[in-house]
$ cat upload13.txt   # compact mmCIF, C-alpha atoms
# COMPACT_ATOMS: atom_id res chain seq x y z
CA LEU A 276 0.00 0.00 0.00
CA SER A 277 1.30 3.45 -0.85
CA ALA A 278 1.89 5.99 1.91
CA MET A 279 -1.11 8.15 2.71
CA LEU A 280 -0.82 11.78 1.59
CA LYS A 281 -0.77 14.41 4.33
CA CYS A 282 -3.79 16.21 2.86
CA GLN A 283 -5.76 12.96 3.03
CA GLN A 284 -4.58 12.34 6.58
CA SER A 285 -5.97 15.67 7.72
CA VAL A 286 -9.41 14.78 6.34
CA LEU A 287 -9.40 11.36 8.03
CA LYS A 288 -8.18 12.83 11.31
CA ALA A 289 -10.94 15.46 11.25
CA ALA A 290 -13.56 12.78 10.55
CA ALA A 291 -12.47 10.60 13.48
CA LYS A 292 -12.19 13.53 15.87
CA THR A 293 -15.58 14.92 14.85
CA ILE A 294 -17.26 11.69 15.93
CA LEU A 295 -15.32 11.54 19.20
CA ASP A 296 -16.02 15.23 19.84
CA GLN A 297 -19.75 14.63 19.40
CA LYS A 298 -19.55 11.82 21.96
CA LEU A 299 -17.67 14.14 24.31
CA ASN A 300 -20.34 16.85 23.99
CA ILE A 301 -23.09 14.32 24.65
CA LEU A 302 -21.32 12.97 27.73
CA ARG A 303 -20.77 16.46 29.11
CA THR A 304 -24.45 17.28 28.68
CA ILE A 305 -26.46 14.19 29.58
CA SER A 306 -27.15 13.39 33.24
CA GLN A 307 -25.95 10.14 34.79
CA LYS A 308 -29.57 9.06 35.30
CA ASP A 309 -30.46 9.65 31.65
CA TYR A 310 -27.22 8.00 30.49
CA VAL A 311 -28.31 4.59 31.79
CA GLN A 312 -32.07 4.99 31.30
CA PHE A 313 -33.90 2.43 29.14
CA HIS A 314 -36.95 3.44 27.11
CA SER A 315 -38.52 0.09 26.17
CA PRO A 316 -40.05 -0.94 23.87
CA MET A 317 -39.09 2.06 21.73
CA PHE A 318 -35.34 1.55 22.27
CA ASN A 319 -33.66 -1.67 23.34
CA ALA A 320 -30.49 -0.06 24.68
CA SER A 321 -29.53 2.96 26.75
CA VAL A 322 -27.45 5.92 25.59
CA GLY A 323 -24.64 4.34 27.62
CA GLY A 324 -24.97 1.08 25.69
CA HIS A 325 -24.63 2.79 22.32
CA ILE A 326 -21.75 4.98 23.48
CA ARG A 327 -19.93 1.98 24.96
CA HIS A 328 -20.41 -0.09 21.81
CA SER A 329 -19.01 2.64 19.59
CA ILE A 330 -16.13 3.47 21.95
CA ASP A 331 -15.26 -0.24 22.07
CA HIS A 332 -14.56 -0.23 18.34
CA PHE A 333 -12.23 2.76 18.64
CA SER A 334 -10.55 1.19 21.69
CA ILE A 335 -9.99 -2.20 20.05
CA LEU A 336 -8.40 -0.53 17.03
CA PHE A 337 -6.17 1.83 18.99
CA SER A 338 -5.05 -0.87 21.42
CA GLN A 339 -3.01 -2.44 18.60
CA ASP A 340 0.73 -1.90 18.22
CA PHE A 341 1.03 -1.02 14.55
CA SER A 342 4.77 -0.51 14.80
CA LYS A 343 5.16 -4.31 14.86
CA PRO A 344 6.04 -5.99 11.54
CA SER A 345 2.89 -8.15 11.84
CA PRO A 346 0.15 -6.48 13.93
CA GLU A 347 -2.33 -8.70 15.75
CA ILE A 348 -5.64 -9.56 14.10
CA ILE A 349 -8.25 -6.89 14.81
CA ASP A 350 -11.46 -8.43 16.15
CA TYR A 351 -14.26 -5.96 16.92
CA ASP A 352 -16.56 -8.77 18.03
CA VAL A 353 -14.50 -9.57 21.12
CA ARG A 354 -15.71 -6.95 23.59
CA ASP A 355 -17.25 -6.72 27.06
CA ARG A 356 -20.78 -5.58 27.87
CA GLN A 357 -22.04 -3.70 30.93
CA THR A 358 -18.62 -2.13 31.59
CA ASP A 359 -18.04 1.12 33.47
CA ILE A 360 -18.08 2.94 30.15
CA GLU A 361 -21.69 1.81 29.65
CA THR A 362 -22.88 2.46 33.21
CA ASN A 363 -20.82 5.48 34.27
CA LYS A 364 -20.69 8.55 32.04
CA GLU A 365 -17.54 9.83 33.79
CA SER A 366 -15.69 6.66 32.76
CA ALA A 367 -16.94 7.15 29.20
CA LEU A 368 -15.78 10.78 29.28
CA GLN A 369 -12.31 9.76 30.40
CA LYS A 370 -12.01 7.03 27.77
CA THR A 371 -13.25 9.30 24.98
CA SER A 372 -10.69 11.94 25.95
CA GLU A 373 -7.97 9.28 25.89
CA LEU A 374 -9.04 8.17 22.42
CA ILE A 375 -8.93 11.75 21.12
CA ALA A 376 -5.35 11.99 22.42
CA GLN A 377 -4.50 8.70 20.68
CA VAL A 378 -5.91 9.96 17.39
CA ASP A 379 -3.79 13.10 17.72
CA GLN A 380 -0.71 11.01 18.54
CA LEU A 381 -1.20 8.77 15.50
CA PHE A 382 -1.69 11.57 13.00
CA GLU A 383 1.03 13.79 14.44
CA SER A 384 3.62 11.02 14.32
CA GLU A 385 6.53 11.49 11.91
CA SER A 386 5.74 8.04 10.51
CA SER A 387 1.98 8.61 10.26
CA SER A 388 1.88 8.04 6.49
CA GLU A 389 3.56 4.65 6.81
CA LEU A 390 1.55 3.64 9.88
CA LEU A 391 -1.79 4.49 8.28
CA SER A 392 -0.84 2.36 5.28
CA THR A 393 0.05 -0.62 7.49
CA PRO A 394 -1.62 -3.82 6.19
CA VAL A 395 -3.86 -5.36 8.84
CA THR A 396 -6.20 -8.34 9.10
CA VAL A 397 -9.71 -7.95 10.51
CA ARG A 398 -11.82 -10.84 11.81
CA PHE A 399 -15.62 -10.88 12.01
CA ILE A 400 -18.25 -13.36 13.15
CA GLY A 401 -20.19 -14.33 10.03
CA ASP A 402 -22.68 -16.78 11.50
CA ALA A 403 -24.62 -15.99 14.67
CA VAL A 404 -25.56 -19.66 15.20
CA THR A 405 -22.22 -21.40 14.74
CA GLY A 406 -19.97 -18.43 15.58
CA ASP A 407 -17.96 -19.11 12.43
CA THR A 408 -15.62 -16.27 11.53
CA TYR A 409 -13.96 -14.89 8.43
CA CYS A 410 -10.99 -12.58 7.92
CA ALA A 411 -10.46 -9.68 5.54
CA SER A 412 -7.39 -7.66 4.57
CA SER A 413 -7.40 -3.95 5.32
CA SER A 414 -5.20 -1.05 6.38
CA LEU A 415 -5.04 1.09 9.48
CA ALA A 416 -6.41 4.08 7.55
CA ARG A 417 -9.37 2.01 6.33
CA GLU A 418 -10.11 0.85 9.88
CA VAL A 419 -9.97 4.38 11.30
CA SER A 420 -12.51 5.26 8.60
CA PHE A 421 -14.63 2.27 9.61
CA VAL A 422 -14.79 3.04 13.35
CA ALA A 423 -15.63 6.68 12.60
CA HIS A 424 -18.45 5.80 10.18
CA HIS A 425 -19.68 3.07 12.51
CA GLY A 426 -19.90 5.67 15.28
CA ILE A 427 -22.17 7.90 13.19
CA HIS A 428 -24.94 5.30 13.11
CA HIS A 429 -24.90 4.79 16.86
CA LEU A 430 -24.91 8.55 17.42
CA SER A 431 -28.02 8.66 15.25
CA THR A 432 -29.79 6.32 17.67
CA VAL A 433 -28.38 8.20 20.66
CA LYS A 434 -29.86 11.36 19.19
CA LEU A 435 -33.31 9.76 18.95
CA ILE A 436 -33.13 8.53 22.55
CA MET A 437 -31.97 11.89 23.88
CA GLU A 438 -34.60 13.84 21.93
CA HIS A 439 -37.15 11.49 23.48
CA MET A 440 -35.84 12.79 26.84
CA ASP A 441 -36.15 16.45 25.71
CA TYR A 442 -32.49 17.03 24.84
CA GLU A 443 -31.85 19.02 21.68
CA LEU A 444 -28.86 18.02 19.58
CA GLY A 445 -27.18 19.75 16.65
CA ASP A 446 -28.38 18.84 13.17
CA GLY A 447 -25.07 17.18 12.28
CA VAL A 448 -25.08 14.68 15.16
CA GLY A 449 -25.63 11.16 13.87
CA LYS A 450 -25.68 12.24 10.24
CA ALA A 451 -23.20 10.95 7.65
CA PHE A 452 -20.84 13.56 6.24
CA ALA A 453 -22.03 12.74 2.72
CA THR A 454 -25.62 13.34 3.79
CA ILE A 455 -24.72 16.71 5.33
CA LYS A 456 -22.95 17.69 2.09
CA HIS A 457 -25.92 16.56 0.00
CA ASP A 458 -28.40 18.45 2.18
CA ASP A 459 -26.28 21.60 1.96
CA GLU A 460 -26.12 21.35 -1.84
CA VAL A 461 -29.89 20.86 -2.10
CA ALA A 462 -30.51 23.81 0.22
CA ALA A 463 -28.09 26.01 -1.72
CA ALA A 464 -29.67 25.06 -5.06
CA SER A 465 -33.14 25.72 -3.67
CA ALA A 466 -32.09 29.09 -2.28
CA SER A 467 -30.46 30.02 -5.59
CA ALA A 468 -33.56 29.07 -7.58
CA THR A 469 -35.84 30.92 -5.19
CA GLY A 470 -33.61 33.98 -5.33
CA ALA A 471 -33.58 34.00 -9.12
CA SER A 472 -37.36 33.66 -9.26
CA ALA A 473 -37.88 36.44 -6.72
CA SER A 474 -35.47 38.75 -8.55
CA ALA A 475 -37.40 38.27 -11.77
CA GLY A 476 -40.95 38.76 -10.55
CA ALA A 477 -41.17 39.97 -6.96
CA GLY A 478 -40.90 43.41 -5.42
CA ALA A 479 -37.83 44.80 -3.75
CA GLY A 480 -39.03 43.78 -0.31
CA ALA A 481 -39.50 40.15 -1.33
CA VAL A 482 -36.15 40.14 -3.08
CA GLY A 483 -34.47 41.46 0.03
CA ALA A 484 -36.04 38.78 2.19
CA VAL A 485 -34.95 36.01 -0.17
CA GLY A 486 -31.47 37.47 -0.40
CA ALA A 487 -31.14 37.34 3.37
CA GLY A 488 -32.22 33.71 3.35
CA ALA A 489 -29.80 32.82 0.57
CA GLY A 490 -26.97 34.53 2.45
CA ALA A 491 -27.68 32.42 5.50
CA GLY A 492 -27.65 29.26 3.38
CA ALA A 493 -24.63 29.95 1.20
CA GLY A 494 -22.49 32.30 3.26
CA GLY A 495 -23.15 30.58 6.55
CA ALA A 496 -21.58 27.23 5.68
CA LYS A 497 -20.55 25.31 8.76
CA THR A 498 -18.00 22.59 9.40
CA SER A 499 -19.02 19.10 10.50
CA ARG A 500 -17.96 19.91 14.06
CA GLU A 501 -20.11 23.04 14.15
CA LEU A 502 -23.06 21.10 12.76
CA GLY A 503 -22.52 18.60 15.53
CA SER A 504 -22.95 21.15 18.31
CA LEU A 505 -25.29 20.10 21.08
CA HIS A 506 -27.78 22.02 23.14
CA TYR A 507 -29.92 20.93 26.07
CA THR A 508 -33.47 21.96 26.70
CA PRO A 509 -34.59 20.91 30.20
CA ALA A 510 -37.78 18.90 30.35
CA ALA A 511 -40.82 20.89 31.38
CA GLY A 512 -41.49 20.69 35.07

$ encode --input "upload13.txt" --output "structure tokens"
Amino acid sequence: LSAMLKCQQSVLKAAAKTILDQKLNILRTISQKDYVQFHSPMFNASVGGHIRHSIDHFSILFSQDFSKPSPEIIDYDVRDRQTDIETNKESALQKTSELIAQVDQLFESESSSELLSTPVTVRFIGDAVTGDTYCASSSLAREVSFVAHHGIHHLSTVKLIMEHMDYELGDGVGKAFATIKHDDEVAAASASATGASASAGAGAGAVGAVGAGAGAGAGGAKTSRELGSLHYTPAAG
């Protein structure tokens, strides 16, 4: 595998840290009681369960020593349930902060390009009845991409659970980067079309109003981290 370009590394690093940052914001906002609360039958796991599951994947990957000539097989299916990370939000906060530091350490290493291109083997359970497994070839960069994208889907469920408890999360939480980009392009195209139509047939006041809306859509572009900002609205009463 060829060494990963620095410009590509910066994109991958930002993607991984965005997901971890969103977890960090959630953990700083949610109460301990809400962190472990179950809402059956609507949701079959707590916020803590989803956070733990996603953190486990990051932890398993970053526990490997990729400086070895032949790194160990990565197995995301070997993980513990009901750990402190799942039942104690402070433990989850600490672990997430540690993972952010590990991401920084990897990408700031002088040998980051070579490390990210390291060939690795990943093992998965392919049959829930027999437990039979299979292995696939990959690279460290591909696996960092995987754990980041995997985290998005669990954050999406976390968002639903927390909104059910009257928390308000940023629009970008639990939303794939490609979806955010697509939504922005659709919004920009809609604003442009509306602006053109208003300029052609509407009065100056209408044109001004549309222009202000278009400015907010086109000029107010936000990064993934900004879109992932989180706010909390206390439950009534």

$ residues_around --input "upload13.txt" --residues "Lys288 (chain A)" --least-positions-apart "2" --cutoff "9 Å" --atoms "all atoms listed in the file" --output "list in words"
Gln283, Gln284, Ser285, Val286, Ala290, Ala291, Lys292, Thr293, Val378, Asp379, Phe382 and Val419 of chain A

$ closest_residue --input "upload13.txt" --among "A:Val322, A:Ile335, A:Ala367, A:Ile330" --to "Asp309 (chain A)" --atoms "all atoms listed in the file"
A:Val322

$ atom_distance --input "upload13.txt" --atom1 "CA of Leu295 (chain A)" --atom2 "CA of Gln307 (chain A)"
18.9 Å

$ residues_around --input "upload13.txt" --residues "Leu374 (chain A)" --least-positions-apart "2" --cutoff "12 Å" --atoms "only C-alpha atoms" --output "ChimeraX atom specification"
/A:291-292,294-296,298-299,329-338,367-372,376-381,419,422-423

$ residues_around --input "upload13.txt" --residues "Asp340 (chain A)" --least-positions-apart "5" --cutoff "12 Å" --atoms "only C-alpha atoms" --output "list in words"
Ile335, Ser345, Pro346, Glu347, Ile348, Ile349, Leu381, Leu390, Thr393, Val395 and Leu415 of chain A

$ closest_residue --input "upload13.txt" --among "A:Glu385, A:Ser420, A:Val397, A:Val433" --to "Gly324 (chain A)" --atoms "only C-alpha atoms"
A:Val433

$ closest_residue --input "upload13.txt" --among "A:Leu444, A:Ile326, A:Ala462, A:Ala411" --to "Leu302 (chain A)" --atoms "only C-alpha atoms"
A:Ile326

$ closest_residue --input "upload13.txt" --among "A:Phe318, A:Ile301, A:Asp352, A:Arg327" --to "Asp407 (chain A)" --atoms "all atoms listed in the file"
A:Asp352

$ closest_residue --input "upload13.txt" --among "A:Ile375, A:Ile455, A:Ile436, A:Leu391" --to "Phe313 (chain A)" --atoms "only C-alpha atoms"
A:Ile436

$ atom_distance --input "upload13.txt" --atom1 "CA of Ile305 (chain A)" --atom2 "CA of Met437 (chain A)"
8.3 Å

$ closest_residue --input "upload13.txt" --among "A:Val353, A:Arg417, A:Lys364, A:Gln339" --to "Arg398 (chain A)" --atoms "only C-alpha atoms"
A:Val353

$ atom_distance --input "upload13.txt" --atom1 "CA of Ser321 (chain A)" --atom2 "CA of Glu443 (chain A)"
17.0 Å
